[in-house]
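Here is upload-v8.txt, consisting of compact mmCIF, C-alpha atoms and all ligand atoms:
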# COMPACT_ATOMS: atom_id res chain seq x y z
CA MET A 20 276.15 352.75 267.12
CA SER A 21 272.76 354.07 268.24
CA THR A 22 272.48 357.42 270.06
CA SER A 23 271.82 355.79 273.39
CA ASN A 24 274.99 353.69 273.23
CA ARG A 25 277.10 356.82 272.81
CA VAL A 26 276.09 358.32 276.18
CA LYS A 27 278.48 357.75 279.07
CA LEU A 28 278.12 360.59 281.53
CA LYS A 29 280.63 361.39 284.22
CA PRO A 30 279.89 363.04 287.56
CA GLY A 31 279.71 366.77 286.94
CA ASN A 32 277.98 366.36 283.56
CA THR A 33 274.58 367.94 282.99
CA ILE A 34 271.26 366.33 282.16
CA GLY A 35 268.60 368.45 280.50
CA ILE A 36 265.05 367.71 281.65
CA LEU A 37 261.98 368.81 279.70
CA GLY A 38 259.17 369.60 282.08
CA GLY A 39 259.31 371.25 285.48
CA GLY A 40 256.77 369.37 287.58
CA GLN A 41 257.32 367.16 290.59
CA LEU A 42 258.70 364.35 288.42
CA GLY A 43 261.40 366.64 287.01
CA ARG A 44 262.11 367.84 290.53
CA MET A 45 262.57 364.33 291.91
CA LEU A 46 264.68 363.33 288.88
CA ALA A 47 266.96 366.31 289.49
CA MET A 48 267.28 365.42 293.18
CA ALA A 49 268.21 361.82 292.31
CA ALA A 50 270.77 363.06 289.76
CA ALA A 51 272.33 365.36 292.36
CA ARG A 52 272.87 362.38 294.65
CA LEU A 53 274.94 360.81 291.89
CA GLY A 54 277.02 363.94 291.34
CA LEU A 55 275.18 364.89 288.15
CA ARG A 56 273.73 368.32 287.41
CA CYS A 57 270.38 369.05 285.82
CA GLN A 58 268.99 371.90 283.81
CA ILE A 59 265.20 372.16 283.58
CA PHE A 60 263.30 373.43 280.53
CA SER A 61 259.74 374.49 281.26
CA PRO A 62 257.39 377.22 280.04
CA ASP A 63 255.89 377.64 283.52
CA PRO A 64 257.73 380.18 285.71
CA ASP A 65 256.28 378.47 288.80
CA SER A 66 257.79 375.08 287.96
CA PRO A 67 258.53 373.16 291.19
CA ALA A 68 261.63 371.64 289.56
CA PHE A 69 263.22 375.09 289.15
CA ASP A 70 263.67 375.20 292.96
CA VAL A 71 266.20 372.37 293.00
CA VAL A 72 268.49 373.21 290.08
CA LEU A 73 270.97 375.99 289.46
CA ASN A 74 270.14 376.46 285.78
CA ALA A 75 266.68 376.62 284.29
CA THR A 76 265.25 377.67 280.95
CA CYS A 77 261.80 379.21 281.13
CA ALA A 78 260.56 379.22 277.52
CA GLU A 79 257.88 377.76 275.30
CA TYR A 80 258.44 374.38 273.63
CA ALA A 81 257.97 376.16 270.29
CA ASP A 82 260.89 378.51 270.99
CA VAL A 83 263.53 376.97 268.73
CA GLU A 84 266.30 379.35 269.82
CA ALA A 85 265.70 378.56 273.50
CA LEU A 86 265.65 374.83 272.73
CA GLU A 87 268.95 375.09 270.86
CA THR A 88 270.66 377.04 273.63
CA PHE A 89 269.34 374.56 276.20
CA ALA A 90 270.61 371.61 274.15
CA ASN A 91 274.06 373.20 273.85
CA ASP A 92 274.23 373.60 277.66
CA VAL A 93 273.60 369.92 278.47
CA ASP A 94 275.11 366.50 277.74
CA VAL A 95 271.95 364.40 277.39
CA ILE A 96 268.25 365.28 277.37
CA THR A 97 265.29 363.48 278.90
CA TYR A 98 261.69 364.37 279.72
CA GLU A 99 259.24 364.05 282.60
CA PHE A 100 256.04 364.08 280.55
CA GLU A 101 254.90 362.24 277.44
CA ASN A 102 253.35 365.14 275.57
CA VAL A 103 256.64 366.66 274.44
CA PRO A 104 255.80 368.30 271.09
CA ALA A 105 257.32 366.33 268.21
CA SER A 106 258.84 369.52 266.75
CA ALA A 107 260.70 370.27 270.01
CA ALA A 108 261.92 366.66 270.25
CA LEU A 109 263.25 366.92 266.69
CA VAL A 110 265.20 370.14 267.37
CA LEU A 111 266.73 368.71 270.55
CA ALA A 112 267.55 365.26 269.18
CA ALA A 113 269.50 366.88 266.33
CA ARG A 114 271.88 368.38 268.89
CA ARG A 115 272.09 366.03 271.85
CA PRO A 116 271.04 362.45 272.64
CA LEU A 117 267.37 362.51 273.62
CA LEU A 118 266.42 359.55 275.81
CA PRO A 119 264.05 357.77 275.67
CA ASP A 120 264.13 358.07 271.87
CA ARG A 121 261.65 360.54 270.35
CA LYS A 122 260.11 357.79 268.18
CA ILE A 123 258.74 356.22 271.35
CA LEU A 124 256.64 359.34 271.88
CA GLU A 125 254.87 358.72 268.55
CA THR A 126 253.57 355.44 269.99
CA THR A 127 252.81 356.56 273.52
CA GLN A 128 251.26 359.96 272.70
CA ASP A 129 248.47 358.30 270.76
CA ARG A 130 246.17 355.84 272.50
CA LEU A 131 245.32 354.11 269.21
CA ALA A 132 248.98 353.66 268.15
CA GLU A 133 249.78 352.47 271.67
CA LYS A 134 246.98 349.89 271.75
CA ASN A 135 247.92 348.65 268.24
CA PHE A 136 251.55 348.31 269.36
CA VAL A 137 250.63 346.33 272.51
CA THR A 138 248.20 344.13 270.58
CA LYS A 139 250.87 343.33 267.96
CA LEU A 140 253.08 342.03 270.76
CA GLY A 141 250.30 339.55 271.58
CA ILE A 142 249.54 341.31 274.89
CA GLY A 143 245.90 341.76 275.92
CA THR A 144 244.08 345.09 276.14
CA ALA A 145 240.42 346.04 276.49
CA ALA A 146 238.60 345.64 273.16
CA TYR A 147 238.97 348.98 271.33
CA ALA A 148 238.01 350.75 268.14
CA ASP A 149 239.07 353.92 266.34
CA VAL A 150 236.39 356.63 266.48
CA SER A 151 236.42 359.79 264.38
CA SER A 152 232.76 360.84 264.19
CA VAL A 153 229.37 360.16 265.77
CA SER A 154 228.62 357.62 263.07
CA SER A 155 231.87 355.74 263.69
CA LEU A 156 231.06 355.88 267.41
CA ARG A 157 227.76 354.12 266.62
CA GLU A 158 229.64 351.52 264.56
CA ALA A 159 232.16 350.99 267.35
CA ILE A 160 229.36 350.45 269.86
CA ALA A 161 227.98 347.70 267.61
CA HIS A 162 231.28 345.82 268.11
CA ILE A 163 232.05 346.81 271.67
CA SER A 164 229.10 346.40 273.93
CA LEU A 165 228.18 349.07 276.46
CA PRO A 166 229.19 350.29 278.95
CA ALA A 167 232.35 351.52 277.29
CA VAL A 168 234.84 354.33 277.77
CA ILE A 169 235.51 356.90 275.08
CA LYS A 170 238.94 358.54 275.24
CA THR A 171 240.63 361.21 273.18
CA ARG A 172 243.59 359.68 271.34
CA ARG A 173 245.90 362.43 272.55
CA PHE A 174 246.51 364.60 275.60
CA GLY A 175 244.35 362.72 278.07
CA TYR A 176 245.52 362.33 281.68
CA ASP A 177 244.02 361.73 285.12
CA GLY A 178 240.65 360.93 283.57
CA LYS A 179 240.62 364.12 281.45
CA GLY A 180 239.53 363.59 277.86
CA GLN A 181 237.44 360.53 278.61
CA ALA A 182 233.82 359.68 279.33
CA LEU A 183 231.77 356.63 280.19
CA VAL A 184 229.24 355.68 277.51
CA ARG A 185 226.15 353.85 278.79
CA GLU A 186 223.07 352.39 277.22
CA GLY A 187 220.64 355.20 276.32
CA ASP A 188 223.23 358.00 276.44
CA ASP A 189 223.03 360.82 273.91
CA LEU A 190 225.96 359.92 271.64
CA SER A 191 225.98 363.26 269.77
CA GLN A 192 226.28 365.10 273.06
CA ILE A 193 229.10 362.83 274.30
CA TRP A 194 230.96 363.31 271.02
CA THR A 195 230.56 367.11 271.07
CA GLU A 196 231.65 367.33 274.70
CA LEU A 197 234.75 365.24 274.02
CA GLY A 198 235.76 368.01 271.60
CA THR A 199 238.00 366.02 269.29
CA LYS A 200 238.00 364.32 265.89
CA SER A 201 240.16 361.41 266.97
CA ALA A 202 239.23 359.13 269.82
CA ILE A 203 239.05 355.48 270.73
CA LEU A 204 236.22 353.53 272.27
CA GLU A 205 237.30 350.95 274.81
CA ALA A 206 235.23 348.23 276.42
CA PHE A 207 234.64 349.01 280.09
CA VAL A 208 236.85 346.64 282.07
CA PRO A 209 235.26 345.34 285.28
CA PHE A 210 238.68 345.02 286.88
CA GLU A 211 239.43 343.34 290.20
CA ARG A 212 242.32 345.68 290.75
CA GLU A 213 244.67 348.03 288.95
CA ILE A 214 248.38 347.36 288.97
CA SER A 215 251.47 348.87 287.41
CA VAL A 216 255.02 347.84 286.72
CA ILE A 217 257.87 350.33 286.75
CA ALA A 218 260.60 348.96 284.51
CA ALA A 219 264.03 350.34 283.68
CA ARG A 220 265.98 349.41 280.57
CA SER A 221 269.60 350.28 279.88
CA ALA A 222 271.15 350.97 276.48
CA ASP A 223 272.67 347.47 276.70
CA GLY A 224 269.19 345.98 276.84
CA GLU A 225 269.33 345.04 280.51
CA VAL A 226 265.88 345.30 282.19
CA GLU A 227 265.18 345.75 285.90
CA CYS A 228 261.66 345.96 287.31
CA PHE A 229 260.40 347.09 290.68
CA ASP A 230 257.84 344.95 292.49
CA VAL A 231 254.38 345.04 290.96
CA THR A 232 252.41 347.88 292.53
CA GLU A 233 248.69 347.99 293.23
CA ASN A 234 246.93 351.28 292.60
CA GLU A 235 243.75 352.83 293.91
CA HIS A 236 242.30 355.81 292.08
CA ARG A 237 239.84 358.39 293.32
CA ASP A 238 238.09 360.59 290.77
CA HIS A 239 240.47 359.10 288.16
CA ILE A 240 243.52 360.36 290.07
CA LEU A 241 245.95 357.98 291.76
CA LYS A 242 245.34 358.12 295.49
CA ILE A 243 247.14 355.14 297.01
CA SER A 244 249.81 352.74 295.75
CA ARG A 245 250.74 349.58 297.60
CA ALA A 246 253.82 347.48 296.98
CA PRO A 247 254.00 344.64 296.45
CA ALA A 248 250.54 344.13 294.91
CA ALA A 249 248.47 341.50 296.69
CA ILE A 250 248.44 339.13 293.72
CA PRO A 251 249.70 335.56 293.29
CA ASP A 252 253.31 335.21 292.23
CA GLU A 253 252.34 333.75 288.82
CA LEU A 254 250.30 336.84 288.01
CA ALA A 255 253.08 339.13 289.20
CA GLN A 256 255.51 337.30 286.91
CA GLU A 257 253.13 337.78 284.00
CA ALA A 258 252.86 341.52 284.69
CA LEU A 259 256.65 341.89 285.02
CA GLY A 260 257.14 339.94 281.79
CA ILE A 261 254.70 342.19 279.94
CA ALA A 262 256.52 345.35 281.04
CA ALA A 263 259.91 343.88 280.09
CA ARG A 264 258.62 342.85 276.65
CA ILE A 265 257.20 346.30 276.02
CA ALA A 266 260.45 348.01 277.10
CA THR A 267 262.48 345.73 274.85
CA ALA A 268 260.14 346.04 271.85
CA LEU A 269 260.37 349.85 272.13
CA ASP A 270 264.18 349.62 272.38
CA TYR A 271 263.62 351.81 275.39
CA VAL A 272 266.31 353.51 277.45
CA GLY A 273 265.13 354.83 280.82
CA VAL A 274 262.22 354.13 283.14
CA LEU A 275 258.72 353.45 281.91
CA ALA A 276 255.49 352.51 283.63
CA VAL A 277 252.93 350.04 282.34
CA GLU A 278 249.48 350.37 283.87
CA MET A 279 247.40 347.21 283.80
CA PHE A 280 244.04 345.84 284.85
CA VAL A 281 243.63 342.49 286.61
CA VAL A 282 240.36 340.95 285.49
CA ALA A 283 238.59 337.89 286.90
CA ASN A 284 238.44 335.04 284.40
CA GLY A 285 235.90 332.56 285.78
CA ALA A 286 237.56 329.55 287.33
CA ALA A 287 240.78 330.25 285.40
CA ARG A 288 243.63 332.48 286.51
CA PRO A 289 242.76 336.21 286.29
CA LYS A 290 243.79 338.00 283.10
CA VAL A 291 246.18 340.93 282.87
CA LEU A 292 245.25 343.64 280.35
CA VAL A 293 247.44 346.62 279.53
CA ASN A 294 245.72 349.98 279.94
CA GLU A 295 248.47 352.48 279.27
CA ILE A 296 252.23 352.97 278.86
CA ALA A 297 253.84 356.02 280.43
CA PRO A 298 257.28 356.69 278.89
CA ARG A 299 258.61 358.27 282.05
CA VAL A 300 258.87 357.91 285.80
CA HIS A 301 255.42 357.45 287.27
CA ASN A 302 253.39 358.37 290.33
CA SER A 303 252.87 354.70 291.20
CA GLY A 304 256.67 354.37 291.55
CA HIS A 305 257.06 357.11 294.16
CA TRP A 306 257.18 354.50 296.94
CA THR A 307 260.63 353.48 295.66
CA LEU A 308 262.14 356.72 297.04
CA ASP A 309 261.77 355.47 300.60
CA GLY A 310 260.87 351.84 300.07
CA ALA A 311 263.72 350.54 297.92
CA SER A 312 267.49 350.66 297.77
CA ILE A 313 267.29 352.53 294.46
CA SER A 314 264.41 354.77 293.44
CA GLN A 315 262.72 354.88 290.04
CA PHE A 316 264.26 358.35 289.64
CA GLU A 317 267.80 357.07 290.20
CA GLN A 318 267.17 354.15 287.82
CA HIS A 319 266.08 356.56 285.11
CA ILE A 320 269.13 358.77 285.64
CA ARG A 321 271.43 355.75 285.59
CA ALA A 322 269.86 354.43 282.39
CA ILE A 323 270.11 357.69 280.45
CA ALA A 324 273.62 358.35 281.82
CA GLY A 325 274.80 355.05 280.36
CA TRP A 326 275.51 353.73 283.86
CA PRO A 327 274.66 350.25 285.10
CA LEU A 328 271.13 349.88 286.44
CA GLY A 329 270.69 349.12 290.10
CA ARG A 330 269.13 345.91 291.34
CA PRO A 331 266.51 347.39 293.60
CA ALA A 332 265.78 345.69 296.91
CA ARG A 333 262.54 346.54 298.70
CA HIS A 334 263.03 347.78 302.28
CA GLY A 335 259.78 346.65 303.86
CA ASN A 336 257.17 343.93 303.58
CA ALA A 337 254.34 346.25 302.62
CA ILE A 338 254.76 349.80 301.44
CA THR A 339 252.00 352.36 301.07
CA MET A 340 252.25 355.62 299.15
CA THR A 341 249.48 358.15 299.66
CA ASN A 342 249.13 361.13 297.33
CA LEU A 343 248.34 364.47 298.90
CA ILE A 344 245.88 365.97 296.44
CA GLY A 345 244.63 369.56 296.53
CA ASP A 346 243.76 370.72 300.07
CA GLU A 347 244.94 367.45 301.58
CA VAL A 348 248.43 368.92 301.60
CA LEU A 349 247.31 371.35 304.29
CA GLY A 350 247.39 368.40 306.70
CA TYR A 351 251.15 367.94 306.23
CA GLN A 352 251.85 368.77 309.88
CA GLU A 353 249.76 365.77 310.97
CA TRP A 354 251.58 363.54 308.49
CA LEU A 355 254.93 364.75 309.83
CA ALA A 356 253.89 363.39 313.24
CA VAL A 357 253.00 359.90 311.97
CA PRO A 358 255.69 357.46 313.12
CA GLY A 359 257.58 355.98 310.18
CA ALA A 360 255.97 358.25 307.59
CA SER A 361 258.21 359.93 304.98
CA VAL A 362 256.63 363.17 303.78
CA HIS A 363 257.39 364.69 300.36
CA LEU A 364 256.06 368.14 299.47
CA TYR A 365 256.48 369.41 295.93
CA GLY A 366 256.59 373.13 296.72
CA LYS A 367 253.52 373.86 294.59
CA SER A 368 250.91 376.48 295.31
CA PRO A 369 248.03 377.04 295.35
CA PRO A 370 246.56 373.62 296.24
CA ARG A 371 243.92 373.48 293.50
CA PRO A 372 241.42 370.58 293.49
CA GLY A 373 242.94 367.54 291.77
CA ARG A 374 246.48 368.97 291.90
CA LYS A 375 249.17 366.58 293.15
CA MET A 376 250.86 368.51 295.96
CA GLY A 377 252.94 365.87 297.69
CA HIS A 378 252.97 362.29 298.87
CA VAL A 379 253.67 360.24 301.95
CA THR A 380 255.36 356.86 302.05
CA GLN A 381 254.94 354.39 304.88
CA VAL A 382 257.19 351.39 304.91
CA GLY A 383 255.57 348.38 306.54
CA HIS A 384 257.00 347.45 309.89
CA LYS A 385 259.82 345.05 310.15
CA VAL A 386 261.25 343.97 313.46
CA GLY A 387 264.35 346.11 313.82
CA HIS A 388 267.47 345.41 315.81
CA LYS A 389 266.81 345.66 319.50
CA LEU A 390 269.12 347.83 321.51
CA ALA A 391 271.22 345.44 323.56
CA PRO A 392 271.18 346.19 327.26
CA PRO A 393 274.45 347.71 328.46
CA VAL A 394 277.04 345.13 329.48
CA GLY A 395 276.71 344.13 333.09
CA THR A 396 273.06 345.07 333.39
CA THR A 397 271.64 341.78 332.09
CA PRO A 398 270.13 340.00 335.01
CA SER A 399 271.84 336.63 335.28
CA LYS A 400 269.95 333.47 336.13
CA ASP A 401 271.87 333.01 339.31
CA GLY A 402 270.96 336.53 340.33
P1 LIG A 501 243.65 356.29 281.77
O1 LIG A 501 243.70 357.75 281.53
O2 LIG A 501 243.45 355.48 280.54
O3 LIG A 501 244.86 355.82 282.56
O4 LIG A 501 242.42 356.03 282.73
C1 LIG A 501 242.34 356.55 284.04
C2 LIG A 501 241.58 355.59 284.93
O5 LIG A 501 240.24 355.41 284.42
C3 LIG A 501 242.17 354.18 285.00
O6 LIG A 501 243.21 354.10 285.93
C4 LIG A 501 240.93 353.38 285.40
O7 LIG A 501 240.66 353.52 286.78
C5 LIG A 501 239.82 354.06 284.61
N1 LIG A 501 239.67 353.41 283.30
C6 LIG A 501 240.32 353.73 282.17
N2 LIG A 501 239.98 352.94 281.15
C7 LIG A 501 239.09 352.06 281.62
C8 LIG A 501 238.36 350.95 281.06
N3 LIG A 501 238.47 350.63 279.76
N4 LIG A 501 237.55 350.26 281.89
C9 LIG A 501 237.41 350.58 283.19
N5 LIG A 501 238.05 351.62 283.77
C10 LIG A 501 238.88 352.35 283.01
Give the structure from this file in structure tokens form.
Amino acid sequence: MSTSNRVKLKPGNTIGILGGGQLGRMLAMAAARLGLRCQIFSPDPDSPAFDVVLNATCAEYADVEALETFANDVDVITYEFENVPASAALVLAARRPLLPDRKILETTQDRLAEKNFVTKLGIGTAAYADVSSVSSLREAIAHISLPAVIKTRRFGYDGKGQALVREGDDLSQIWTELGTKSAILEAFVPFEREISVIAARSADGEVECFDVTENEHRDHILKISRAPAAIPDELAQEALGIAARIATALDYVGVLAVEMFVVANGAARPKVLVNEIAPRVHNSGHWTLDGASISQFEQHIRAIAGWPLGRPARHGNAITMTNLIGDEVLGYQEWLAVPGASVHLYGKSPPRPGRKMGHVTQVGHKVGHKLAPPVGTTPSKDG
């Protein structure tokens, strides 16, 4: 029996979460709704997730003793970020089930391994090449025409650790500024739109996906998500199928996000290319908190608890999620006054530029039930 099949939590059990950001916070809140407790492990004393749990461990991921004590306190362990150090994952997995499995991190922490994995499944990505020096960058450019995007293989997020490479650029300078020995060069994708699929997979292999979401980035940071994406049904089915295949091929337990590009393809149907897999709940799934019967956070908790997944139903016709980034959060009072808006603040300070401080969900209008006039007040035809 695999580790994941052994987990069957009961209300009152405790889930350990690595990482104390807003994702950990929203996971803990979803767990609480299901009668489950959470304990957060984070090295940052200002972790927003600490505010919503009774027990927290504030220690470094290299602190083996703290990891062991944390593992002993909980029934199952999960994570809210993909860069969990392999050594920490090993210590934890030896003591308690760690879900999703730590081997998945080996694939998703490395852009090259991730692209190779997706390509092996026969799923399209941007053309890419391994780059480990200026000379291999030159070679890669010979295969992948410019413009192209160079990305560090590890630890990149929100556009950090990547740069656009154009004709005539100083390659030595780009390579030095990237500050790594392992990178990939990707063809620049002239996408029509960016989409993502949030998929959940249970230990039994059941997969449930939320509607395909369309994402708009500003300065490489997600600004707005819209669900469902304004794409033809055929394309949506293709995107959902890709996410389900990836989840199954990884033998995944929990929620993952697959970010994709939709690219025009002449007179033919547009193509879907996978950009990135996030082995965790994802910003583009935040709309599910207010816009669906079950949120991505609850799905993840259900999956790692060994509980049946929900079959999420969308509440509105068109849902918009707007991130409040940096100073934008200072306008929360105005958002609170917007009819129908659901405001989420993560309790972070200070609002540094580029920092995700909160989000707002607006569920597209549906005609609600009309209040029936009190009996006897309906004017009758005969007066
Ligand atoms: P990533 O860190 O790979 O998710 O990239 C962040 C954002 O940069 C994406 O959401 C895209 O908007 C943009 N981007 C990344 N890779 C490419 C590419 N190969 N072509 C065009 N835009 C890209």
Can you check which parts of range 87-176 of chain A lie within 7 Å of range 279-294 of chain A? Per residue, the shortest pair of atoms and distance in Å to one decimal, counting all atoms listed in the file, sorted by chain and number, as CSV.
residue,atom,partner,partner_atom,distance
A:Gly143,CA,A:Leu292,CA,4.9
A:Thr144,CA,A:Leu292,CA,4.6
A:Ala145,CA,A:Leu292,CA,6.6
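Using all atoms listed in the file, the smallest distance between any of A:Phe207, A:Phe229, A:Phe69, A:Trp306 and Ala360 in chain A comes from A:Trp306.
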*Please identify all polymer residues within 10 Å of range 88-94 of chain A, counting only C-alpha atoms, omitting same-chain residues fewer than 3 positions from it, and present them as a ChimeraX atom specification.*
/A:26-29,32-37,56-60,74-76,83-85,110-117,324
*asked:* Taking all atoms listed in the file into account, name the residue in A:Ser191, A:Ser221, A:Ser152, A:Ser303 that is nearest to ligand LIG 501 (chain A).
replied: A:Ser303
*Quote the spacing between CA of Ile142 in chain A and CA of Glu257 in chain A in Å to one decimal place.*
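Atom-to-atom, CA of Ile142 in chain A to CA of Glu257 in chain A, that is 10.4 Å.
Of the residues listed (A:Ala50, A:Leu204, A:Ala182, A:Leu343), A:Leu204 shows the shortest atom-to-atom separation from Leu156 in chain A; distances use all atoms listed in the file.
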_Give me, as number ranges by chain, the set of residues whose atoms come within 10 Å of any atom of ligand LIG 501 (chain A), counting all atoms listed in the file._
A: 130, 144-147, 166-171, 174-183, 204-210, 212-215, 234-241, 277-280, 292-297
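The protein and nucleic acid residues lying at most 10 Å from Ala268 in chain A are Phe136, Val137, Leu140 and Ala262 of chain A, with only C-alpha atoms considered and sequence neighbours fewer than 6 positions away removed.
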Can those selected residues be exported to a file as a PDB file, in the frame of the given file so that it contains C-alpha atoms?
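Generated output (out-v2.pdb):
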ATOM      1  CA  PHE A 136     251.550 348.310 269.360  1.00  0.00           C
ATOM      2  CA  VAL A 137     250.630 346.330 272.510  1.00  0.00           C
ATOM      3  CA  LEU A 140     253.080 342.030 270.760  1.00  0.00           C
ATOM      4  CA  ALA A 262     256.520 345.350 281.040  1.00  0.00           C
TER       5      ALA A 262
END
_Distance criterion (only C-alpha atoms): nearest to Leu328 in chain A out of A:Ile243, A:Ala202, A:Ile313, A:Ala68_ =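 Between A:Ile243, A:Ala202, A:Ile313, A:Ala68, the residue approaching Leu328 in chain A most closely is A:Ile313.
With distances taken over all atoms listed in the file, A:Arg157 is the one residue among A:Lys122, A:Arg157, A:His363, A:His305 lying closest to Leu190 in chain A.
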